[in-house]
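Text of run.tsv, listed as TSV, C-alpha atoms and all ligand atoms:
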```
chain	number	residue	atom	x	y	z
I	1	MET	CA	107.70	77.80	106.94
I	2	ASN	CA	108.55	80.73	104.75
I	3	THR	CA	111.93	82.00	105.84
I	4	GLU	CA	113.55	82.80	102.50
I	5	GLN	CA	110.72	83.95	100.28
I	6	PRO	CA	108.97	87.27	100.82
I	7	TYR	CA	105.39	87.28	102.07
I	8	LEU	CA	102.87	88.56	99.56
I	9	LEU	CA	100.77	91.38	101.02
I	10	THR	CA	98.80	91.41	97.80
I	11	PRO	CA	95.28	90.32	96.81
I	12	GLY	CA	96.39	87.28	94.84
I	13	PRO	CA	98.51	85.44	94.16
I	14	ILE	CA	99.00	85.14	97.90
I	15	THR	CA	101.35	83.26	100.20
I	16	THR	CA	100.28	79.62	100.23
I	17	THR	CA	101.12	76.78	102.63
I	18	LEU	CA	103.87	74.30	101.95
I	19	SER	CA	101.25	71.52	101.89
I	20	VAL	CA	99.33	73.30	99.11
I	21	LYS	CA	102.51	73.55	97.07
I	22	GLN	CA	103.38	69.92	97.79
I	23	ALA	CA	99.99	68.77	96.51
I	24	MET	CA	101.29	69.59	93.03
I	25	LEU	CA	104.10	67.01	93.06
I	26	GLN	CA	102.22	64.53	90.91
I	27	ASP	CA	101.02	64.36	87.32
I	28	TRP	CA	97.41	63.53	86.49
I	29	GLY	CA	95.76	62.44	83.25
I	30	SER	CA	93.01	64.96	82.56
I	31	TRP	CA	90.67	62.20	81.27
I	32	ASP	CA	91.49	59.76	84.05
I	33	GLY	CA	88.82	58.75	86.55
I	34	GLU	CA	90.86	60.00	89.47
I	35	PHE	CA	91.09	63.51	88.05
I	36	ARG	CA	87.41	63.54	87.05
I	37	ALA	CA	86.59	62.71	90.67
I	38	MET	CA	88.78	65.61	91.79
I	39	THR	CA	86.88	68.01	89.52
I	40	ALA	CA	83.54	66.70	90.75
I	41	ALA	CA	84.61	67.11	94.39
I	42	LEU	CA	85.82	70.63	93.77
I	43	CYS	CA	82.51	71.65	92.19
I	44	GLN	CA	80.39	69.99	94.82
I	45	ARG	CA	82.32	71.58	97.69
I	46	LEU	CA	82.14	75.07	96.21
I	47	ILE	CA	78.40	74.82	95.61
I	48	ALA	CA	77.89	73.69	99.20
I	49	LEU	CA	79.70	76.80	100.45
I	50	VAL	CA	76.93	79.01	98.99
I	51	ASP	CA	74.01	76.69	99.89
I	52	GLY	CA	73.47	76.31	96.15
I	53	GLU	CA	72.89	72.55	95.93
I	54	ARG	CA	69.33	72.87	94.66
I	55	SER	CA	69.66	75.89	92.42
I	56	HIS	CA	73.22	76.39	91.18
I	57	VAL	CA	76.00	74.55	89.38
I	58	CYS	CA	79.74	75.14	89.41
I	59	VAL	CA	81.59	75.70	86.15
I	60	PRO	CA	85.38	75.99	86.41
I	61	MET	CA	87.22	77.98	83.74
I	62	GLN	CA	90.91	77.84	82.88
I	63	GLY	CA	92.90	81.07	83.16
I	64	SER	CA	92.96	83.91	85.64
I	65	GLY	CA	89.84	85.37	87.24
I	66	THR	CA	89.20	87.78	84.37
I	67	PHE	CA	88.72	84.85	81.98
I	68	ALA	CA	85.88	83.64	84.20
I	69	VAL	CA	84.35	87.14	84.36
I	70	GLU	CA	84.49	87.46	80.58
I	71	ALA	CA	83.02	83.98	80.09
I	72	THR	CA	80.18	84.78	82.49
I	73	LEU	CA	79.20	88.10	80.91
I	74	ALA	CA	79.47	86.64	77.42
I	75	THR	CA	77.40	83.57	78.25
I	76	LEU	CA	74.69	84.91	80.54
I	77	ILE	CA	73.91	88.24	78.88
I	78	PRO	CA	72.08	87.72	75.60
I	79	LYS	CA	73.19	89.71	72.58
I	80	GLN	CA	70.04	91.82	72.97
I	81	GLY	CA	70.48	92.16	76.72
I	82	LYS	CA	71.69	95.19	78.63
I	83	LEU	CA	73.95	95.30	81.67
I	84	LEU	CA	74.09	97.83	84.49
I	85	ILE	CA	77.62	97.83	85.94
I	86	LEU	CA	78.08	99.22	89.44
I	87	MET	CA	81.58	100.66	89.27
I	88	ASN	CA	83.82	101.91	92.05
I	89	GLY	CA	87.24	100.85	90.94
I	90	ALA	CA	89.32	98.96	88.41
I	91	TYR	CA	87.39	95.69	88.42
I	92	GLY	CA	84.04	97.31	87.69
I	93	GLN	CA	85.73	99.31	84.94
I	94	ARG	CA	87.20	96.09	83.54
I	95	MET	CA	83.70	94.65	83.15
I	96	GLY	CA	82.88	97.72	81.06
I	97	ARG	CA	85.88	96.99	78.83
I	98	ILE	CA	84.75	93.40	78.44
I	99	MET	CA	81.30	94.62	77.37
I	100	ASP	CA	82.98	96.96	74.84
I	101	TYR	CA	84.83	93.98	73.34
I	102	LEU	CA	81.63	91.94	73.33
I	103	GLY	CA	79.78	94.78	71.64
I	104	ARG	CA	76.88	94.43	74.05
I	105	ASP	CA	74.87	97.22	75.58
I	106	TYR	CA	75.62	98.48	79.07
I	107	VAL	CA	75.34	101.48	81.35
I	108	ALA	CA	77.48	102.24	84.38
I	109	LEU	CA	76.77	103.76	87.73
I	110	ASP	CA	80.30	105.06	88.29
I	111	LYS	CA	80.99	106.07	91.89
I	112	GLY	CA	84.61	106.98	91.25
I	113	ASP	CA	87.52	105.53	93.20
I	114	TYR	CA	85.80	104.14	96.25
I	115	ALA	CA	82.28	105.40	97.08
I	116	PRO	CA	79.84	102.47	97.47
I	117	PRO	CA	76.90	102.00	95.09
I	118	ARG	CA	73.68	102.10	97.13
I	119	ALA	CA	70.38	100.31	96.68
I	120	HIS	CA	68.34	103.50	96.18
I	121	GLU	CA	70.60	104.50	93.27
I	122	VAL	CA	70.19	101.09	91.64
I	123	ASP	CA	66.47	101.31	92.28
I	124	SER	CA	66.04	104.54	90.32
I	125	ILE	CA	68.23	103.41	87.42
I	126	LEU	CA	66.30	100.14	87.04
I	127	ALA	CA	62.95	101.92	87.37
I	128	ALA	CA	63.91	104.35	84.59
I	129	ASP	CA	65.39	101.78	82.21
I	130	PRO	CA	63.35	98.63	81.58
I	131	ALA	CA	65.84	97.51	78.90
I	132	ILE	CA	68.38	96.56	81.59
I	133	THR	CA	68.33	92.78	81.99
I	134	HIS	CA	71.34	92.23	84.27
I	135	VAL	CA	73.23	94.04	87.03
I	136	ALA	CA	76.89	93.39	87.87
I	137	VAL	CA	78.52	94.29	91.17
I	138	VAL	CA	81.97	93.66	92.65
I	139	HIS	CA	81.71	92.22	96.16
I	140	CYS	CA	85.07	93.41	97.46
I	141	GLU	CA	86.41	96.03	95.03
I	142	THR	CA	90.06	95.16	95.44
I	143	SER	CA	91.19	98.50	93.99
I	144	SER	CA	90.34	100.26	97.26
I	145	GLY	CA	89.46	97.27	99.45
I	146	ILE	CA	85.86	98.40	99.91
I	147	LEU	CA	83.24	95.81	100.75
I	148	ASN	CA	80.25	96.77	98.62
I	149	PRO	CA	76.72	96.35	100.05
I	150	VAL	CA	75.81	93.33	97.94
I	151	ALA	CA	72.80	92.20	99.98
I	152	GLU	CA	70.84	95.47	99.66
I	153	ILE	CA	71.71	95.61	95.95
I	154	ALA	CA	70.58	92.02	95.36
I	155	GLU	CA	67.26	92.75	97.04
I	156	THR	CA	66.66	95.72	94.72
I	157	VAL	CA	67.71	93.87	91.57
I	158	VAL	CA	65.37	90.98	92.28
I	159	ARG	CA	62.48	93.27	93.20
I	160	HIS	CA	62.80	94.72	89.68
I	161	GLY	CA	62.90	91.24	88.15
I	162	ARG	CA	66.46	91.64	86.84
I	163	ARG	CA	69.42	89.28	87.18
I	164	LEU	CA	72.47	89.72	89.41
I	165	ILE	CA	76.09	88.85	88.58
I	166	ILE	CA	78.61	89.16	91.42
I	167	ASP	CA	82.35	89.44	90.93
I	168	ALA	CA	83.27	87.90	94.30
I	169	MET	CA	86.82	87.18	93.20
I	170	SER	CA	88.57	88.59	96.24
I	171	ALA	CA	85.76	87.97	98.76
I	172	PHE	CA	84.51	84.43	98.31
I	173	GLY	CA	86.00	82.04	100.81
I	174	ALA	CA	86.29	84.72	103.50
I	175	ILE	CA	83.00	86.62	103.26
I	176	ALA	CA	79.89	84.51	103.75
I	177	ILE	CA	77.27	84.60	101.01
I	178	SER	CA	74.31	82.29	100.60
I	179	ALA	CA	72.40	81.75	97.37
I	180	ARG	CA	69.26	81.36	99.49
I	181	GLU	CA	69.60	84.86	100.93
I	182	VAL	CA	71.32	86.74	98.12
I	183	PRO	CA	69.60	85.62	94.92
I	184	PHE	CA	72.42	85.81	92.37
I	185	ASP	CA	72.51	84.24	88.91
I	186	ALA	CA	76.28	84.05	88.99
I	187	LEU	CA	79.04	84.41	91.55
I	188	ILE	CA	82.56	84.45	90.15
I	189	SER	CA	85.76	83.71	92.02
I	190	SER	CA	89.17	82.12	91.53
I	191	ALA	CA	91.64	79.69	93.04
I	192	ASN	CA	94.28	82.09	94.25
I	193	LYS	CA	92.55	84.53	96.59
I	194	CYS	CA	90.76	83.74	99.85
I	195	PHE	CA	90.88	79.98	99.30
I	196	GLU	CA	94.67	80.26	99.27
I	197	GLY	CA	95.27	78.07	96.23
I	198	VAL	CA	97.73	78.79	93.44
I	199	PRO	CA	96.68	80.71	90.30
I	200	GLY	CA	95.39	78.90	87.21
I	201	PHE	CA	91.60	78.82	87.11
I	202	GLY	CA	88.45	80.68	88.02
I	203	PHE	CA	85.00	79.29	88.66
I	204	VAL	CA	81.43	80.44	88.37
I	205	LEU	CA	78.61	79.36	90.65
I	206	VAL	CA	75.69	79.85	88.31
I	207	ARG	CA	71.96	79.37	88.54
I	208	GLN	CA	71.22	76.26	86.51
I	209	SER	CA	68.07	77.66	84.87
I	210	ALA	CA	69.98	80.75	83.71
I	211	LEU	CA	72.79	78.64	82.30
I	212	GLU	CA	70.33	76.34	80.53
I	213	ALA	CA	68.84	79.38	78.78
I	214	SER	CA	72.23	80.69	77.64
I	215	GLN	CA	73.09	78.44	74.71
I	216	GLY	CA	74.44	80.37	71.74
I	217	HIS	CA	75.10	83.63	73.59
I	218	ALA	CA	78.88	83.37	73.84
I	219	HIS	CA	81.04	85.18	71.31
I	220	SER	CA	83.97	82.86	71.92
I	221	LEU	CA	84.55	79.14	71.77
I	222	SER	CA	86.99	78.84	74.65
I	223	LEU	CA	85.06	81.21	76.91
I	224	ASP	CA	81.64	79.62	76.34
I	225	LEU	CA	80.49	78.78	79.86
I	226	PHE	CA	77.44	76.90	78.58
I	227	ASP	CA	79.58	74.65	76.42
I	228	GLN	CA	82.12	74.12	79.20
I	229	TRP	CA	79.27	73.07	81.49
I	230	GLN	CA	77.67	70.75	78.96
I	231	TYR	CA	80.95	68.99	78.35
I	232	LEU	CA	81.51	68.65	82.09
I	233	VAL	CA	78.04	67.16	82.58
I	234	LYS	CA	78.49	64.71	79.71
I	235	THR	CA	82.08	63.60	80.32
I	236	GLY	CA	83.11	64.73	83.81
I	237	GLN	CA	86.01	66.47	82.11
I	238	TRP	CA	86.99	70.05	81.39
I	239	ARG	CA	86.83	71.04	77.73
I	240	TYR	CA	90.46	71.47	76.74
I	241	THR	CA	93.46	70.91	79.00
I	242	PRO	CA	92.70	71.60	82.66
I	243	PRO	CA	95.31	73.01	85.05
I	244	THR	CA	95.63	69.62	86.76
I	245	HIS	CA	98.26	70.60	89.34
I	246	VAL	CA	96.36	73.75	90.25
I	247	VAL	CA	93.21	71.71	90.83
I	248	ALA	CA	95.12	69.30	93.09
I	249	ALA	CA	96.54	72.23	95.06
I	250	PHE	CA	93.06	73.75	95.30
I	251	LEU	CA	91.58	70.59	96.81
I	252	GLN	CA	94.31	70.65	99.46
I	253	ALA	CA	93.57	74.34	100.00
I	254	LEU	CA	89.86	73.51	100.43
I	255	ASP	CA	90.77	70.94	103.10
I	256	GLU	CA	92.81	73.54	104.94
I	257	HIS	CA	89.99	76.06	104.56
I	258	ALA	CA	87.59	73.58	106.18
I	259	GLN	CA	90.09	72.81	108.96
I	260	GLU	CA	90.31	76.51	109.74
I	261	GLY	CA	86.55	76.61	110.23
I	262	GLY	CA	85.41	77.26	106.66
I	263	ILE	CA	84.33	80.73	105.63
I	264	ALA	CA	83.72	81.86	109.22
I	265	GLY	CA	87.14	80.71	110.38
I	266	ARG	CA	88.95	82.26	107.46
I	267	HIS	CA	87.00	85.48	107.90
I	268	ALA	CA	87.98	85.62	111.57
I	269	ARG	CA	91.71	85.34	110.81
I	270	TYR	CA	91.64	87.90	108.01
I	271	GLN	CA	89.56	90.28	110.12
I	272	ARG	CA	92.06	89.94	112.95
I	273	ASN	CA	94.93	90.60	110.53
I	274	GLN	CA	93.20	93.69	109.23
I	275	GLN	CA	92.41	95.12	112.66
I	276	ARG	CA	95.92	94.50	113.94
I	277	LEU	CA	97.42	96.00	110.81
I	278	VAL	CA	95.21	99.09	110.78
I	279	ALA	CA	95.71	99.74	114.51
I	280	GLY	CA	99.48	99.54	114.11
I	281	MET	CA	99.53	101.72	111.01
I	282	LEU	CA	97.39	104.38	112.70
I	283	GLN	CA	99.94	104.48	115.53
I	284	LEU	CA	102.60	105.26	112.94
I	285	GLY	CA	100.49	108.19	111.76
I	286	PHE	CA	99.02	106.56	108.63
I	287	GLU	CA	95.40	106.98	107.58
I	288	THR	CA	93.13	104.55	105.76
I	289	LEU	CA	91.32	105.74	102.67
I	290	LEU	CA	88.02	104.28	103.84
I	291	SER	CA	86.09	104.84	107.03
I	292	ASP	CA	85.88	101.75	109.24
I	293	GLU	CA	82.34	100.97	108.06
I	294	TRP	CA	83.59	100.13	104.55
I	295	LEU	CA	86.90	98.42	105.32
I	296	SER	CA	87.12	94.80	104.19
I	297	PRO	CA	89.21	92.10	105.81
I	298	ILE	CA	90.82	91.51	102.39
I	299	ILE	CA	93.02	94.50	101.64
I	300	VAL	CA	93.41	98.02	103.02
I	301	THR	CA	94.34	101.21	101.18
I	302	PHE	CA	96.52	103.67	103.08
I	303	PHE	CA	97.34	107.20	101.99
I	304	ALA	CA	101.03	107.62	101.26
I	305	PRO	CA	102.93	109.69	103.82
I	306	GLY	CA	102.82	113.39	102.94
I	307	HIS	CA	106.46	113.97	103.94
I	308	ALA	CA	108.71	115.18	101.09
I	309	ASN	CA	111.09	112.23	101.54
I	310	PHE	CA	108.47	109.66	100.63
I	311	ASP	CA	108.96	107.79	97.39
I	312	PHE	CA	106.86	104.69	96.70
I	313	GLN	CA	109.54	102.72	94.85
I	314	THR	CA	112.09	103.22	97.63
I	315	PHE	CA	109.49	102.26	100.23
I	316	TYR	CA	108.57	99.19	98.16
I	317	ASP	CA	112.18	98.07	97.68
I	318	ARG	CA	113.00	98.46	101.36
I	319	MET	CA	109.88	96.56	102.42
I	320	LYS	CA	110.81	93.80	100.02
I	321	ALA	CA	114.33	93.63	101.44
I	322	ARG	CA	112.65	92.99	104.80
I	323	GLY	CA	110.55	90.17	103.36
I	324	PHE	CA	107.28	91.82	102.35
I	325	ILE	CA	105.88	92.48	98.89
I	326	ILE	CA	103.43	95.38	99.17
I	327	TYR	CA	100.98	96.60	96.56
I	328	PRO	CA	100.74	99.99	94.86
I	329	GLY	CA	97.58	102.06	95.21
I	330	LYS	CA	95.05	102.59	92.46
I	331	LEU	CA	93.57	105.98	93.30
I	332	THR	CA	93.32	108.66	90.68
I	333	ALA	CA	93.28	111.58	93.15
I	334	ALA	CA	95.72	110.85	96.00
I	335	GLU	CA	98.95	108.88	96.37
I	336	SER	CA	98.36	105.62	98.20
I	337	PHE	CA	99.47	102.04	98.68
I	338	ARG	CA	97.72	98.83	99.70
I	339	LEU	CA	98.45	96.09	102.20
I	340	GLY	CA	96.69	92.76	101.83
I	341	CYS	CA	95.46	90.73	104.81
I	342	ILE	CA	94.86	87.43	103.00
I	343	GLY	CA	97.03	84.35	102.51
I	344	GLN	CA	99.28	82.70	105.06
I	345	LEU	CA	99.51	85.71	107.38
I	346	TYR	CA	99.11	85.51	111.15
I	347	ASP	CA	99.83	87.80	114.12
I	348	ALA	CA	103.59	87.24	113.86
I	349	GLN	CA	103.69	88.34	110.22
I	350	ILE	CA	101.44	91.35	110.81
I	351	ASP	CA	103.66	92.46	113.69
I	352	ALA	CA	106.72	92.03	111.49
I	353	VAL	CA	105.06	94.12	108.75
I	354	LEU	CA	104.45	96.91	111.24
I	355	GLU	CA	108.02	96.78	112.56
I	356	SER	CA	109.30	96.89	109.00
I	357	VAL	CA	107.15	99.87	108.05
I	358	ALA	CA	108.42	101.73	111.14
I	359	ALA	CA	112.04	100.84	110.35
I	360	VAL	CA	111.74	101.83	106.68
I	361	LEU	CA	110.17	105.20	107.57
I	362	ASP	CA	113.09	105.69	109.93
I	363	GLU	CA	115.62	104.88	107.22
I	364	MET	CA	113.88	107.28	104.85
I	365	GLU	CA	113.89	109.94	107.59
I	366	ILE	CA	110.14	110.29	107.53
I	367	PRO	CA	108.95	111.10	111.06
I	368	THR	CA	105.31	110.11	110.53
I	369	GLY	CA	103.11	108.22	108.11
I	370	ALA	CA	100.60	111.07	108.18
I	371	PRO	CA	99.26	111.91	104.69
I	372	ALA	CA	99.56	115.34	103.07
I	373	HIS	CA	96.05	116.42	104.05
I	374	ALA	CA	96.78	115.72	107.73
I	375	LEU	CA	100.12	117.57	107.62
I	376	ASN	CA	98.47	120.57	105.92
I	377	ALA	CA	95.68	120.63	108.50
I	378	GLN	CA	98.31	120.71	111.27
I	379	GLN	CA	100.04	123.72	109.71
I	380	ASN	CA	96.80	125.72	109.46
V	401	LIG	C1	91.71	89.52	91.28
V	401	LIG	C2	90.39	90.06	90.85
V	401	LIG	C3	89.86	89.77	89.57
V	401	LIG	C4	90.56	88.92	88.54
V	401	LIG	O1	91.83	89.33	88.28
V	401	LIG	P1	92.82	88.34	87.51
V	401	LIG	O2	94.10	89.14	87.53
V	401	LIG	O3	92.29	88.11	86.17
V	401	LIG	O4	92.89	87.08	88.32
V	401	LIG	C5	88.61	90.25	89.27
V	401	LIG	N1	87.90	90.96	90.15
V	401	LIG	C6	88.37	91.26	91.38
V	401	LIG	C7	87.50	92.04	92.31
V	401	LIG	C8	89.63	90.82	91.77
V	401	LIG	O5	90.09	91.12	93.00
```
Just dump the structure as structure tokens.
Ligand SMILES: *Cc1c(COP(=O)(O)O)cnc(C)c1O
Amino acid sequence: MNTEQPYLLTPGPITTTLSVKQAMLQDWGSWDGEFRAMTAALCQRLIALVDGERSHVCVPMQGSGTFAVEATLATLIPKQGKLLILMNGAYGQRMGRIMDYLGRDYVALDKGDYAPPRAHEVDSILAADPAITHVAVVHCETSSGILNPVAEIAETVVRHGRRLIIDAMSAFGAIAISAREVPFDALISSANKCFEGVPGFGFVLVRQSALEASQGHAHSLSLDLFDQWQYLVKTGQWRYTPPTHVVAAFLQALDEHAQEGGIAGRHARYQRNQQRLVAGMLQLGFETLLSDEWLSPIIVTFFAPGHANFDFQTFYDRMKARGFIIYPGKLTAAESFRLGCIGQLYDAQIDAVLESVAAVLDEMEIPTGAPAHALNAQQN
């Protein structure tokens, strides 16, 4: 299926099926009834995946995932509101930058590179600061791959009568979440992660009552989620040119997602990829950044080998020559790299990744993937 092109071991864009790519071989009129029906189907199917039929609506937004995050924060948080951002990586930090641009008030609970925010911490911050109206959390913080404890956080946020916004960009589609159990006002995701579509739009599953109350909040015309929704309700169309081919590919991707067993089926394959990958890497001496409890089936951070011969760019280039695009790490303290488990990856690809890592270490004359701290411990 994919003999020439390298596999993407990255958290999006990911390796898609041939049938998803082929779904784009047609042109659609954005105002045409056929395309409006495609948009309606897309929204209805996404809402069903979170049991949100009675409470939530789906608003798609052109652009990459960040456009949808920015639109959500700008539309749902009133100008006089205040956001608590639970940060443990780049995507939480990015929400802070968005708030800076918006000029709206926020505080951060910053746990550094990868420690999880816990409910008791959120509890004391909310108790001490009644001005906070909203809380934002990243479901899978793709920077480290950690799966944050969203359910316990949601429970705390709601108990304090505040509103929850979830950046589920890299989790939704593979990690189950129900609007009936986790009471969120907004869940944000995009086409090109666990649903295995191609990049081009994000979407927000948003509580209808919260969206109804949000008119006039947005700072931006094109990122006004309320306006986008109103136009969709009135006309069945996106405001401004939709990524028609991307939507067609996404509907095909949703079919394939359902055929695989929906969220549970996709989760099972990614989890299997992750376990096979981690087990093989440990045998080569590598160590994961996170303890097993916090590993997600989305992407895994490994410490770089501590051996003096290791050089990330060389490692990257040699992995690419063998057909795999890996992902650099994002830690401030230690050298690391990441391997994604999502997209069209199965046992055969994971085994080939492991063989390639072993062969590349060999070529670089690095006897073990063990990180510096493990090598130092051995010497002492
Ligand atoms: C991918 C991702 C985003 C959005 O990134 P874009 O590059 O704008 O698509 C946001 N949050 C998380 C957690 C992500 O993994």
Worksheet entry | Shell of 10 Å around Met38 of chain I, all atoms listed in the file, local chain residues under 2 positions omitted, as a list in words |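 So the residues in contact are Gly33, Glu34, Phe35, Arg36, Ala40, Ala41, Leu42, Cys43, Gln44, Gly236, Thr244, Val247, Ala248, Phe250 and Leu251 of chain I.
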Fill in: Spatial neighbours of segment 99-108 of chain I, max dist 12 Å, only C-alpha atoms, sep filter under 2 positions, as a PyMOL selection string
chain I and resi 69-89+92-97+110-112+117+121-122+125-126+129+131-137+217-220+223
Practice prompt. Record the distance separating atom CA of Met319 of chain I and atom CA of Val360 of chain I, expressed in Å with one decimal.
Written response: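 Spanning atom CA of Met319 of chain I to atom CA of Val360 of chain I is a straight-line distance of 7.0 Å.
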Item to complete: Identify, on the basis of all atoms listed in the file, every residue whose closest approach to segment 171-175 of chain I does not exceed 6 Å; exclude the query and any residue fewer than 4 positions from it along the same chain; express the result as a VMD selection string.
Response: chain I and resid 140 194 to 195 263 266 to 267
Within 8 Å of ligand LIG 401 (chain V), which residues of chain I come that close, and what is the closest atom pair and distance in Å for each? Count only C-alpha atoms and all ligand atoms and give it as a Markdown table.
```
| residue | atom | partner | partner_atom | distance |
| --- | --- | --- | --- | --- |
| I:Pro11 | CA | V:LIG401 | O5 | 6.5 |
| I:Gly12 | CA | V:LIG401 | C1 | 6.3 |
| I:Gly63 | CA | V:LIG401 | O3 | 7.7 |
| I:Ser64 | CA | V:LIG401 | O4 | 4.2 |
| I:Gly65 | CA | V:LIG401 | O4 | 3.7 |
| I:Thr66 | CA | V:LIG401 | O3 | 3.6 |
| I:Phe67 | CA | V:LIG401 | O3 | 6.4 |
| I:Val69 | CA | V:LIG401 | C5 | 7.2 |
| I:Tyr91 | CA | V:LIG401 | N1 | 5.1 |
| I:Gly92 | CA | V:LIG401 | C7 | 7.8 |
| I:Val138 | CA | V:LIG401 | C7 | 5.8 |
| I:His139 | CA | V:LIG401 | C7 | 7.0 |
| I:Cys140 | CA | V:LIG401 | C7 | 5.9 |
| I:Glu141 | CA | V:LIG401 | C7 | 5.0 |
| I:Thr142 | CA | V:LIG401 | O5 | 4.7 |
| I:Ser143 | CA | V:LIG401 | O5 | 7.5 |
| I:Asp167 | CA | V:LIG401 | N1 | 5.8 |
| I:Ala168 | CA | V:LIG401 | C7 | 6.2 |
| I:Met169 | CA | V:LIG401 | C6 | 4.7 |
| I:Ser170 | CA | V:LIG401 | O5 | 4.4 |
| I:Ala171 | CA | V:LIG401 | C7 | 7.8 |
| I:Ser189 | CA | V:LIG401 | C5 | 7.6 |
| I:Ser190 | CA | V:LIG401 | O4 | 7.0 |
| I:Asn192 | CA | V:LIG401 | O4 | 7.9 |
| I:Lys193 | CA | V:LIG401 | C1 | 7.3 |
| I:Pro199 | CA | V:LIG401 | O4 | 7.7 |
| I:Gly202 | CA | V:LIG401 | O4 | 7.8 |
```
Discussion item. As an exercise, work out the distance from atom CA of Tyr327 of chain I to atom CA of Leu345 of chain I in Å and give it to one decimal place.
Written reply: 15.4 Å
Practice prompt. Go ahead and compute the interatomic distance for atom CA of Ile98 of chain I and atom CA of Thr39 of chain I, in Å to one decimal.
Written response: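 Here the two named atoms are 27.8 Å from each other.
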Fill in: Top pick for closest residue to Glu212 of chain I, considering I:Ala119, I:Ala370, I:Leu254, I:Val57 and counting all atoms listed in the file
I:Val57
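Proximity ranking of I:Gly52, I:Pro183, I:Pro328, I:Pro243 relative to Ser30 of chain I places I:Pro243 first, based on all atoms listed in the file.
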Discussion item. Need to verify the contact set: Ala23 of chain I, 12 Å, all atoms listed in the file, exclusion of same-chain residues closer than 4 positions in sequence. Can you return it as an MDAnalysis selection string?
Written reply: chainID I and resid 16:19 27:28 197:198 244:255
With 8 Å on each side, where is the centre of the axis-aligned box around all listed atoms of segment 202-219 of chain I, and how long are its edges in Å to one decimal, as AutoDock Vina command-line options?
```
--center_x 78.3 --center_y 80.7 --center_z 81.0 --size_x 36.4 --size_y 24.9 --size_z 35.3
```
Because the input lacks atoms here, generate all heavy atoms for segment 24-28 of chain I and report them as a PDB file, keeping the file's coordinate frame.
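Saved result, part_7.pdb, follows:
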```pdb
ATOM      1  N   MET I  24     101.084  69.531  94.482  1.00  0.00           N
ATOM      2  CA  MET I  24     101.290  69.590  93.030  1.00  0.00           C
ATOM      3  C   MET I  24     102.381  68.642  92.536  1.00  0.00           C
ATOM      4  O   MET I  24     102.680  68.621  91.348  1.00  0.00           O
ATOM      5  CB  MET I  24     101.615  71.031  92.615  1.00  0.00           C
ATOM      6  CG  MET I  24     100.447  71.966  92.828  1.00  0.00           C
ATOM      7  SD  MET I  24     100.738  73.642  92.212  1.00  0.00           S
ATOM      8  CE  MET I  24     101.814  74.277  93.487  1.00  0.00           C
ATOM      9  N   LEU I  25     102.960  67.858  93.444  1.00  0.00           N
ATOM     10  CA  LEU I  25     104.100  67.010  93.060  1.00  0.00           C
ATOM     11  C   LEU I  25     103.665  65.681  92.451  1.00  0.00           C
ATOM     12  O   LEU I  25     104.196  64.624  92.778  1.00  0.00           O
ATOM     13  CB  LEU I  25     105.001  66.773  94.276  1.00  0.00           C
ATOM     14  CG  LEU I  25     105.639  68.031  94.861  1.00  0.00           C
ATOM     15  CD1 LEU I  25     106.441  67.698  96.118  1.00  0.00           C
ATOM     16  CD2 LEU I  25     106.540  68.710  93.839  1.00  0.00           C
ATOM     17  N   GLN I  26     102.654  65.748  91.594  1.00  0.00           N
ATOM     18  CA  GLN I  26     102.220  64.530  90.910  1.00  0.00           C
ATOM     19  C   GLN I  26     101.612  64.950  89.573  1.00  0.00           C
ATOM     20  O   GLN I  26     101.108  66.070  89.443  1.00  0.00           O
ATOM     21  CB  GLN I  26     101.146  63.818  91.758  1.00  0.00           C
ATOM     22  CG  GLN I  26     100.801  62.434  91.233  1.00  0.00           C
ATOM     23  CD  GLN I  26      99.619  61.817  91.994  1.00  0.00           C
ATOM     24  OE1 GLN I  26      99.514  61.963  93.201  1.00  0.00           O
ATOM     25  NE2 GLN I  26      98.750  61.141  91.277  1.00  0.00           N
ATOM     26  N   ASP I  27     101.645  64.056  88.616  1.00  0.00           N
ATOM     27  CA  ASP I  27     101.020  64.360  87.320  1.00  0.00           C
ATOM     28  C   ASP I  27      99.733  63.545  87.188  1.00  0.00           C
ATOM     29  O   ASP I  27      99.680  62.390  87.579  1.00  0.00           O
ATOM     30  CB  ASP I  27     101.994  64.004  86.198  1.00  0.00           C
ATOM     31  CG  ASP I  27     103.309  64.751  86.339  1.00  0.00           C
ATOM     32  OD1 ASP I  27     103.266  65.992  86.478  1.00  0.00           O
ATOM     33  OD2 ASP I  27     104.378  64.109  86.360  1.00  0.00           O
ATOM     34  N   TRP I  28      98.709  64.193  86.654  1.00  0.00           N
ATOM     35  CA  TRP I  28      97.410  63.530  86.490  1.00  0.00           C
ATOM     36  C   TRP I  28      97.006  63.528  85.019  1.00  0.00           C
ATOM     37  O   TRP I  28      97.225  64.514  84.313  1.00  0.00           O
ATOM     38  CB  TRP I  28      96.319  64.260  87.271  1.00  0.00           C
ATOM     39  CG  TRP I  28      96.405  64.103  88.760  1.00  0.00           C
ATOM     40  CD1 TRP I  28      95.754  63.164  89.529  1.00  0.00           C
ATOM     41  CD2 TRP I  28      97.156  64.899  89.672  1.00  0.00           C
ATOM     42  NE1 TRP I  28      96.076  63.335  90.858  1.00  0.00           N
ATOM     43  CE2 TRP I  28      96.937  64.383  90.979  1.00  0.00           C
ATOM     44  CE3 TRP I  28      98.023  65.987  89.527  1.00  0.00           C
ATOM     45  CZ2 TRP I  28      97.533  64.924  92.107  1.00  0.00           C
ATOM     46  CZ3 TRP I  28      98.615  66.529  90.659  1.00  0.00           C
ATOM     47  CH2 TRP I  28      98.366  65.988  91.924  1.00  0.00           C
TER      48      TRP I  28
END
```
